[in-house]
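So this one's coords.cif, mmCIF, N, CA and C atoms:
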```cif
data_data
loop_
_atom_site.label_atom_id
_atom_site.label_comp_id
_atom_site.auth_asym_id
_atom_site.auth_seq_id
_atom_site.Cartn_x
_atom_site.Cartn_y
_atom_site.Cartn_z
N MET A 1 129.57 126.10 78.06
CA MET A 1 128.76 127.06 77.33
C MET A 1 127.58 126.39 76.64
N ASP A 2 127.72 125.11 76.28
CA ASP A 2 126.64 124.42 75.57
C ASP A 2 125.32 124.47 76.32
N ARG A 3 125.37 124.27 77.65
CA ARG A 3 124.13 124.25 78.42
C ARG A 3 123.44 125.61 78.43
N SER A 4 124.20 126.68 78.70
CA SER A 4 123.59 128.00 78.71
C SER A 4 123.16 128.42 77.30
N LEU A 5 123.93 128.01 76.30
CA LEU A 5 123.55 128.31 74.92
C LEU A 5 122.27 127.56 74.55
N ASP A 6 122.18 126.30 74.94
CA ASP A 6 120.95 125.54 74.68
C ASP A 6 119.76 126.16 75.39
N GLN A 7 119.95 126.64 76.61
CA GLN A 7 118.86 127.29 77.33
C GLN A 7 118.41 128.56 76.61
N ARG A 8 119.37 129.34 76.11
CA ARG A 8 119.03 130.55 75.36
C ARG A 8 118.28 130.19 74.08
N LEU A 9 118.75 129.17 73.37
CA LEU A 9 118.08 128.74 72.13
C LEU A 9 116.66 128.24 72.43
N ASP A 10 116.50 127.53 73.53
CA ASP A 10 115.16 127.06 73.92
C ASP A 10 114.23 128.24 74.19
N ARG A 11 114.76 129.27 74.86
CA ARG A 11 113.95 130.46 75.17
C ARG A 11 113.55 131.18 73.88
N ILE A 12 114.50 131.36 72.98
CA ILE A 12 114.21 132.03 71.71
C ILE A 12 113.20 131.22 70.90
N ALA A 13 113.32 129.89 70.94
CA ALA A 13 112.43 129.02 70.17
C ALA A 13 110.98 129.07 70.65
N ARG A 14 110.76 129.57 71.86
CA ARG A 14 109.38 129.70 72.35
C ARG A 14 108.66 130.90 71.74
N HIS A 15 109.40 131.78 71.11
CA HIS A 15 108.78 132.93 70.45
C HIS A 15 108.10 132.42 69.16
N PRO A 16 106.82 132.72 68.95
CA PRO A 16 106.09 132.16 67.81
C PRO A 16 106.76 132.36 66.45
N PHE A 17 107.32 133.55 66.21
CA PHE A 17 107.97 133.79 64.92
C PHE A 17 109.21 132.92 64.76
N ARG A 18 110.02 132.81 65.78
CA ARG A 18 111.26 132.03 65.72
C ARG A 18 110.99 130.54 65.66
N ALA A 19 109.90 130.09 66.29
CA ALA A 19 109.60 128.67 66.40
C ALA A 19 109.29 128.02 65.05
N LYS A 20 108.88 128.79 64.08
CA LYS A 20 108.48 128.19 62.81
C LYS A 20 109.65 127.85 61.89
N PHE A 21 110.86 128.26 62.24
CA PHE A 21 112.01 128.00 61.38
C PHE A 21 112.56 126.60 61.61
N ARG A 22 112.74 125.86 60.51
CA ARG A 22 113.31 124.52 60.50
C ARG A 22 114.16 124.38 59.25
N LEU A 23 115.17 123.52 59.33
CA LEU A 23 115.95 123.21 58.13
C LEU A 23 115.19 122.18 57.32
N ARG A 24 114.82 122.57 56.11
CA ARG A 24 114.05 121.69 55.23
C ARG A 24 114.61 121.76 53.82
N GLY A 25 114.26 120.77 53.02
CA GLY A 25 114.56 120.79 51.60
C GLY A 25 116.02 121.04 51.28
N ARG A 26 116.22 121.99 50.37
CA ARG A 26 117.58 122.31 49.90
C ARG A 26 118.50 122.79 51.01
N ASP A 27 117.96 123.59 51.92
CA ASP A 27 118.79 124.11 53.00
C ASP A 27 119.29 122.96 53.89
N ARG A 28 118.43 121.99 54.14
CA ARG A 28 118.83 120.81 54.92
C ARG A 28 119.86 119.98 54.16
N ALA A 29 119.61 119.80 52.88
CA ALA A 29 120.56 119.03 52.06
C ALA A 29 121.92 119.72 52.01
N THR A 30 121.92 121.03 51.91
CA THR A 30 123.18 121.79 51.91
C THR A 30 123.92 121.57 53.22
N ALA A 31 123.21 121.60 54.33
CA ALA A 31 123.84 121.38 55.63
C ALA A 31 124.44 119.98 55.71
N GLU A 32 123.69 119.00 55.27
CA GLU A 32 124.17 117.61 55.32
C GLU A 32 125.40 117.42 54.43
N LEU A 33 125.36 117.96 53.23
CA LEU A 33 126.48 117.80 52.30
C LEU A 33 127.71 118.61 52.71
N SER A 34 127.49 119.78 53.26
CA SER A 34 128.60 120.65 53.64
C SER A 34 129.30 120.17 54.90
N GLY A 35 128.51 119.77 55.88
CA GLY A 35 129.08 119.36 57.16
C GLY A 35 129.33 120.54 58.07
N PRO A 36 129.57 120.25 59.35
CA PRO A 36 129.70 121.30 60.36
C PRO A 36 130.85 122.27 60.13
N SER A 37 132.01 121.79 59.76
CA SER A 37 133.16 122.70 59.65
C SER A 37 133.00 123.67 58.49
N THR A 38 132.47 123.21 57.37
CA THR A 38 132.26 124.09 56.22
C THR A 38 131.18 125.13 56.54
N LEU A 39 130.10 124.70 57.19
CA LEU A 39 129.04 125.65 57.54
C LEU A 39 129.54 126.67 58.55
N ARG A 40 130.42 126.27 59.45
CA ARG A 40 130.98 127.22 60.42
C ARG A 40 131.76 128.30 59.67
N TRP A 41 132.55 127.88 58.68
CA TRP A 41 133.31 128.84 57.89
C TRP A 41 132.37 129.78 57.14
N HIS A 42 131.30 129.21 56.54
CA HIS A 42 130.31 130.04 55.85
C HIS A 42 129.67 131.04 56.82
N ALA A 43 129.35 130.58 58.02
CA ALA A 43 128.73 131.47 59.00
C ALA A 43 129.66 132.63 59.36
N TYR A 44 130.95 132.33 59.59
CA TYR A 44 131.91 133.42 59.89
C TYR A 44 131.93 134.43 58.75
N ASP A 45 131.98 133.93 57.53
CA ASP A 45 132.05 134.81 56.36
C ASP A 45 130.78 135.67 56.23
N LEU A 46 129.63 135.04 56.34
CA LEU A 46 128.36 135.77 56.21
C LEU A 46 128.17 136.79 57.33
N ILE A 47 128.54 136.43 58.55
CA ILE A 47 128.41 137.35 59.68
C ILE A 47 129.34 138.54 59.49
N ALA A 48 130.57 138.28 59.05
CA ALA A 48 131.53 139.36 58.84
C ALA A 48 131.02 140.37 57.82
N LYS A 49 130.37 139.89 56.78
CA LYS A 49 129.91 140.77 55.71
C LYS A 49 128.56 141.42 55.99
N ARG A 50 127.64 140.68 56.61
CA ARG A 50 126.26 141.13 56.70
C ARG A 50 125.81 141.64 58.07
N LEU A 51 126.53 141.27 59.14
CA LEU A 51 126.05 141.62 60.47
C LEU A 51 127.08 142.39 61.30
N ALA A 52 128.35 142.13 61.08
CA ALA A 52 129.41 142.69 61.93
C ALA A 52 129.64 144.20 61.78
N PRO A 53 129.43 144.79 60.60
CA PRO A 53 129.67 146.24 60.51
C PRO A 53 128.79 147.04 61.48
N ALA A 54 129.28 148.20 61.86
CA ALA A 54 128.52 149.06 62.79
C ALA A 54 127.14 149.40 62.24
N GLU A 55 127.07 149.63 60.94
CA GLU A 55 125.79 149.91 60.27
C GLU A 55 125.68 149.03 59.04
N PRO A 56 125.22 147.78 59.20
CA PRO A 56 125.14 146.87 58.06
C PRO A 56 124.24 147.41 56.96
N TYR A 57 124.61 147.11 55.73
CA TYR A 57 123.81 147.51 54.57
C TYR A 57 122.43 146.87 54.68
N LYS A 58 121.39 147.69 54.54
CA LYS A 58 120.00 147.23 54.60
C LYS A 58 119.70 146.47 55.89
N ASP A 59 120.22 146.96 57.01
CA ASP A 59 120.00 146.28 58.29
C ASP A 59 118.51 146.09 58.54
N GLY A 60 118.17 144.89 58.95
CA GLY A 60 116.78 144.54 59.15
C GLY A 60 116.17 143.84 57.95
N LYS A 61 116.86 143.93 56.82
CA LYS A 61 116.37 143.28 55.60
C LYS A 61 117.49 142.53 54.89
N GLN A 62 118.66 142.40 55.55
CA GLN A 62 119.83 141.85 54.87
C GLN A 62 119.88 140.33 54.87
N THR A 63 119.05 139.66 55.64
CA THR A 63 119.12 138.21 55.74
C THR A 63 117.93 137.55 55.05
N PRO A 64 118.19 136.82 53.96
CA PRO A 64 117.11 136.10 53.30
C PRO A 64 116.52 135.02 54.22
N TYR A 65 115.31 134.60 53.95
CA TYR A 65 114.67 133.56 54.77
C TYR A 65 115.11 132.17 54.36
N ARG A 66 115.55 132.00 53.13
CA ARG A 66 116.00 130.70 52.63
C ARG A 66 117.19 130.91 51.71
N GLY A 67 117.79 129.78 51.28
CA GLY A 67 118.89 129.86 50.34
C GLY A 67 120.21 129.41 50.92
N HIS A 68 120.29 129.29 52.23
CA HIS A 68 121.48 128.79 52.90
C HIS A 68 121.08 128.44 54.33
N PRO A 69 121.60 127.34 54.87
CA PRO A 69 121.24 126.96 56.25
C PRO A 69 121.56 128.06 57.27
N VAL A 70 122.62 128.82 57.03
CA VAL A 70 122.98 129.90 57.96
C VAL A 70 121.89 130.96 57.99
N PHE A 71 121.30 131.28 56.86
CA PHE A 71 120.22 132.28 56.83
C PHE A 71 119.02 131.82 57.67
N VAL A 72 118.63 130.56 57.50
CA VAL A 72 117.51 130.02 58.26
C VAL A 72 117.84 130.08 59.76
N ALA A 73 119.06 129.67 60.08
CA ALA A 73 119.49 129.66 61.48
C ALA A 73 119.51 131.07 62.07
N GLN A 74 119.89 132.05 61.27
CA GLN A 74 119.92 133.43 61.78
C GLN A 74 118.53 133.88 62.20
N HIS A 75 117.52 133.55 61.42
CA HIS A 75 116.16 133.94 61.80
C HIS A 75 115.69 133.14 63.02
N ALA A 76 116.01 131.86 63.05
CA ALA A 76 115.60 131.01 64.17
C ALA A 76 116.25 131.42 65.48
N THR A 77 117.45 132.00 65.40
CA THR A 77 118.21 132.34 66.61
C THR A 77 118.24 133.83 66.91
N ALA A 78 117.52 134.62 66.15
CA ALA A 78 117.48 136.08 66.35
C ALA A 78 118.86 136.71 66.19
N THR A 79 119.61 136.21 65.21
CA THR A 79 120.91 136.80 64.86
C THR A 79 120.86 137.32 63.42
N CYS A 80 119.68 137.69 62.97
CA CYS A 80 119.46 138.08 61.58
C CYS A 80 119.76 139.55 61.31
N CYS A 81 119.66 140.40 62.32
CA CYS A 81 119.93 141.83 62.14
C CYS A 81 120.39 142.40 63.47
N ARG A 82 120.85 143.62 63.44
CA ARG A 82 121.39 144.22 64.66
C ARG A 82 120.30 144.50 65.71
N THR A 83 119.09 144.77 65.26
CA THR A 83 117.99 144.99 66.22
C THR A 83 117.70 143.71 66.99
N CYS A 84 117.59 142.59 66.29
CA CYS A 84 117.34 141.30 66.96
C CYS A 84 118.52 140.90 67.83
N LEU A 85 119.72 141.16 67.35
CA LEU A 85 120.92 140.84 68.12
C LEU A 85 120.94 141.61 69.44
N GLU A 86 120.51 142.86 69.39
CA GLU A 86 120.45 143.66 70.61
C GLU A 86 119.33 143.19 71.54
N ARG A 87 118.17 142.96 70.97
CA ARG A 87 116.99 142.59 71.76
C ARG A 87 117.16 141.23 72.44
N TRP A 88 117.65 140.24 71.70
CA TRP A 88 117.69 138.86 72.20
C TRP A 88 119.02 138.45 72.81
N HIS A 89 120.10 139.12 72.41
CA HIS A 89 121.43 138.69 72.86
C HIS A 89 122.20 139.78 73.61
N GLY A 90 121.63 140.97 73.69
CA GLY A 90 122.26 142.05 74.44
C GLY A 90 123.50 142.64 73.80
N ILE A 91 123.65 142.47 72.50
CA ILE A 91 124.80 143.03 71.78
C ILE A 91 124.35 144.33 71.12
N PRO A 92 124.88 145.46 71.59
CA PRO A 92 124.36 146.76 71.14
C PRO A 92 124.63 147.07 69.67
N LYS A 93 123.72 147.87 69.12
CA LYS A 93 123.84 148.37 67.74
C LYS A 93 124.81 149.54 67.71
N GLY A 94 125.16 149.95 66.48
CA GLY A 94 125.90 151.19 66.31
C GLY A 94 127.40 151.09 66.41
N ARG A 95 127.92 149.90 66.57
CA ARG A 95 129.36 149.70 66.58
C ARG A 95 129.67 148.34 65.95
N GLU A 96 130.87 148.20 65.44
CA GLU A 96 131.26 146.94 64.82
C GLU A 96 131.30 145.84 65.88
N LEU A 97 130.91 144.64 65.50
CA LEU A 97 130.99 143.51 66.42
C LEU A 97 132.45 143.18 66.72
N SER A 98 132.73 142.89 67.96
CA SER A 98 134.08 142.47 68.34
C SER A 98 134.33 141.05 67.85
N ARG A 99 135.57 140.64 67.91
CA ARG A 99 135.92 139.26 67.51
C ARG A 99 135.15 138.26 68.38
N ALA A 100 135.08 138.51 69.67
CA ALA A 100 134.37 137.61 70.59
C ALA A 100 132.88 137.56 70.26
N GLU A 101 132.29 138.71 69.92
CA GLU A 101 130.86 138.74 69.57
C GLU A 101 130.60 138.00 68.27
N ARG A 102 131.48 138.13 67.30
CA ARG A 102 131.36 137.37 66.05
C ARG A 102 131.41 135.88 66.33
N ALA A 103 132.36 135.48 67.16
CA ALA A 103 132.50 134.06 67.50
C ALA A 103 131.25 133.55 68.22
N TYR A 104 130.68 134.37 69.11
CA TYR A 104 129.46 134.01 69.81
C TYR A 104 128.31 133.81 68.83
N VAL A 105 128.12 134.75 67.91
CA VAL A 105 127.03 134.66 66.94
C VAL A 105 127.19 133.39 66.08
N VAL A 106 128.39 133.12 65.65
CA VAL A 106 128.64 131.91 64.85
C VAL A 106 128.34 130.67 65.68
N GLU A 107 128.72 130.67 66.94
CA GLU A 107 128.45 129.52 67.81
C GLU A 107 126.94 129.31 67.97
N VAL A 108 126.19 130.39 68.15
CA VAL A 108 124.74 130.29 68.27
C VAL A 108 124.14 129.67 67.00
N ILE A 109 124.55 130.17 65.85
CA ILE A 109 124.04 129.68 64.57
C ILE A 109 124.39 128.21 64.37
N CYS A 110 125.64 127.87 64.61
CA CYS A 110 126.08 126.49 64.39
C CYS A 110 125.43 125.52 65.37
N ARG A 111 125.22 125.96 66.60
CA ARG A 111 124.54 125.10 67.58
C ARG A 111 123.11 124.85 67.16
N TRP A 112 122.42 125.85 66.65
CA TRP A 112 121.05 125.65 66.20
C TRP A 112 121.02 124.66 65.03
N ILE A 113 121.92 124.83 64.08
CA ILE A 113 121.98 123.91 62.93
C ILE A 113 122.27 122.49 63.41
N GLU A 114 123.21 122.36 64.32
CA GLU A 114 123.55 121.03 64.86
C GLU A 114 122.32 120.39 65.51
N ARG A 115 121.61 121.16 66.31
CA ARG A 115 120.41 120.62 66.96
C ARG A 115 119.37 120.21 65.92
N GLU A 116 119.23 120.96 64.86
CA GLU A 116 118.30 120.62 63.80
C GLU A 116 118.71 119.31 63.11
N MET A 117 119.98 119.19 62.84
CA MET A 117 120.47 118.03 62.08
C MET A 117 120.45 116.75 62.91
N VAL A 118 120.81 116.82 64.16
CA VAL A 118 120.89 115.64 65.01
C VAL A 118 119.52 115.24 65.55
N GLY A 119 118.71 116.23 65.90
CA GLY A 119 117.45 115.95 66.54
C GLY A 119 116.27 115.77 65.61
N ALA A 120 116.48 116.00 64.33
CA ALA A 120 115.36 115.96 63.39
C ALA A 120 115.10 114.54 62.90
N PRO A 121 113.84 114.24 62.60
CA PRO A 121 113.51 112.94 62.03
C PRO A 121 114.25 112.75 60.72
N GLY A 122 114.74 111.54 60.52
CA GLY A 122 115.43 111.23 59.27
C GLY A 122 116.91 111.53 59.31
N SER A 123 117.41 112.08 60.43
CA SER A 123 118.85 112.28 60.51
C SER A 123 119.47 110.94 60.84
N GLY A 124 120.31 110.49 59.97
CA GLY A 124 120.87 109.15 60.11
C GLY A 124 122.01 109.11 61.10
N THR A 125 122.33 107.91 61.54
CA THR A 125 123.48 107.76 62.42
C THR A 125 124.73 107.76 61.58
N GLY A 126 125.82 108.12 62.19
CA GLY A 126 127.08 108.20 61.46
C GLY A 126 127.25 109.50 60.70
N SER A 127 126.31 110.39 60.83
CA SER A 127 126.39 111.68 60.18
C SER A 127 127.52 112.50 60.78
N ALA A 128 128.10 113.38 59.96
CA ALA A 128 129.15 114.28 60.47
C ALA A 128 128.62 115.13 61.62
N TRP A 129 127.32 115.34 61.66
CA TRP A 129 126.71 116.15 62.71
C TRP A 129 126.72 115.43 64.05
N GLU A 130 126.84 114.12 64.06
CA GLU A 130 126.82 113.36 65.31
C GLU A 130 128.21 113.03 65.81
N ASP A 131 129.24 113.34 65.02
CA ASP A 131 130.61 113.00 65.37
C ASP A 131 131.26 114.07 66.24
N ARG A 132 130.54 115.09 66.59
CA ARG A 132 131.10 116.18 67.37
C ARG A 132 131.42 115.72 68.78
N PRO A 133 132.59 116.08 69.31
CA PRO A 133 132.96 115.65 70.67
C PRO A 133 132.10 116.26 71.73
#
```

Rewrite the coordinates I just gave you, this time as structure tokens.
Amino acid sequence: MDRSLDQRLDRIARHPFRAKFRLRGRDRATAELSGPSTLRWHAYDLIAKRLAPAEPYKDGKQTPYRGHPVFVAQHATATCCRTCLERWHGIPKGRELSRAERAYVVEVICRWIEREMVGAPGSGTGSAWEDRP
């Protein structure tokens, strides 16, 4: 799945709006300090509350642009609202996300964060982000 997921992320990243998102400053520091497993848990929790319901509260405006690495990743990966999820990932609006769809969204978010952390300048060796099998 990594290869097809990377191809999808590369395609989304070519969109001018999505391409401008990067982990910087506090959001980057939070990702480094938290590590992959903690951020994955945060992503599951945030997706369950903000994206998974059939009609999320304030859909289209529920995801801040900064304040947590998952929020930045959601905008970069077009998993920020149900409209983007439908347009870019083919997951229809108007019904609750299935368990498999939630897992997919979390995987997309976490893969983008991982790519940011490993591939970005200044990411050191020995980081928890590089220890992934």

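Between CA of Gly35 in chain A and CA of Phe21 in chain A lies a distance of 19.6 Å.
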
Inset, instruction - Give as a PyMOL selection string the residues that the PyMOL selection byres (((chain A and resi 74-79 and name CA) around 7) and name CA) matches when applied to the coordinates above. - result: chain A and resi 9+12+18-19+21+70-73+80-81+84-85+88+105+109

Inset, instruction - Rank nothing, just name the residue among A:Leu39, A:Leu23, A:Ala48, A:Ala54 nearest to Lys93 in chain A, using only N, CA and C atoms. - result: A:Ala54

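Atom C of Glu107 in chain A sits 21.4 Å away from atom N of Gly25 in chain A.
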
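The coordinates place atom N of Leu97 in chain A at 5.7 Å from atom N of Ala52 in chain A.
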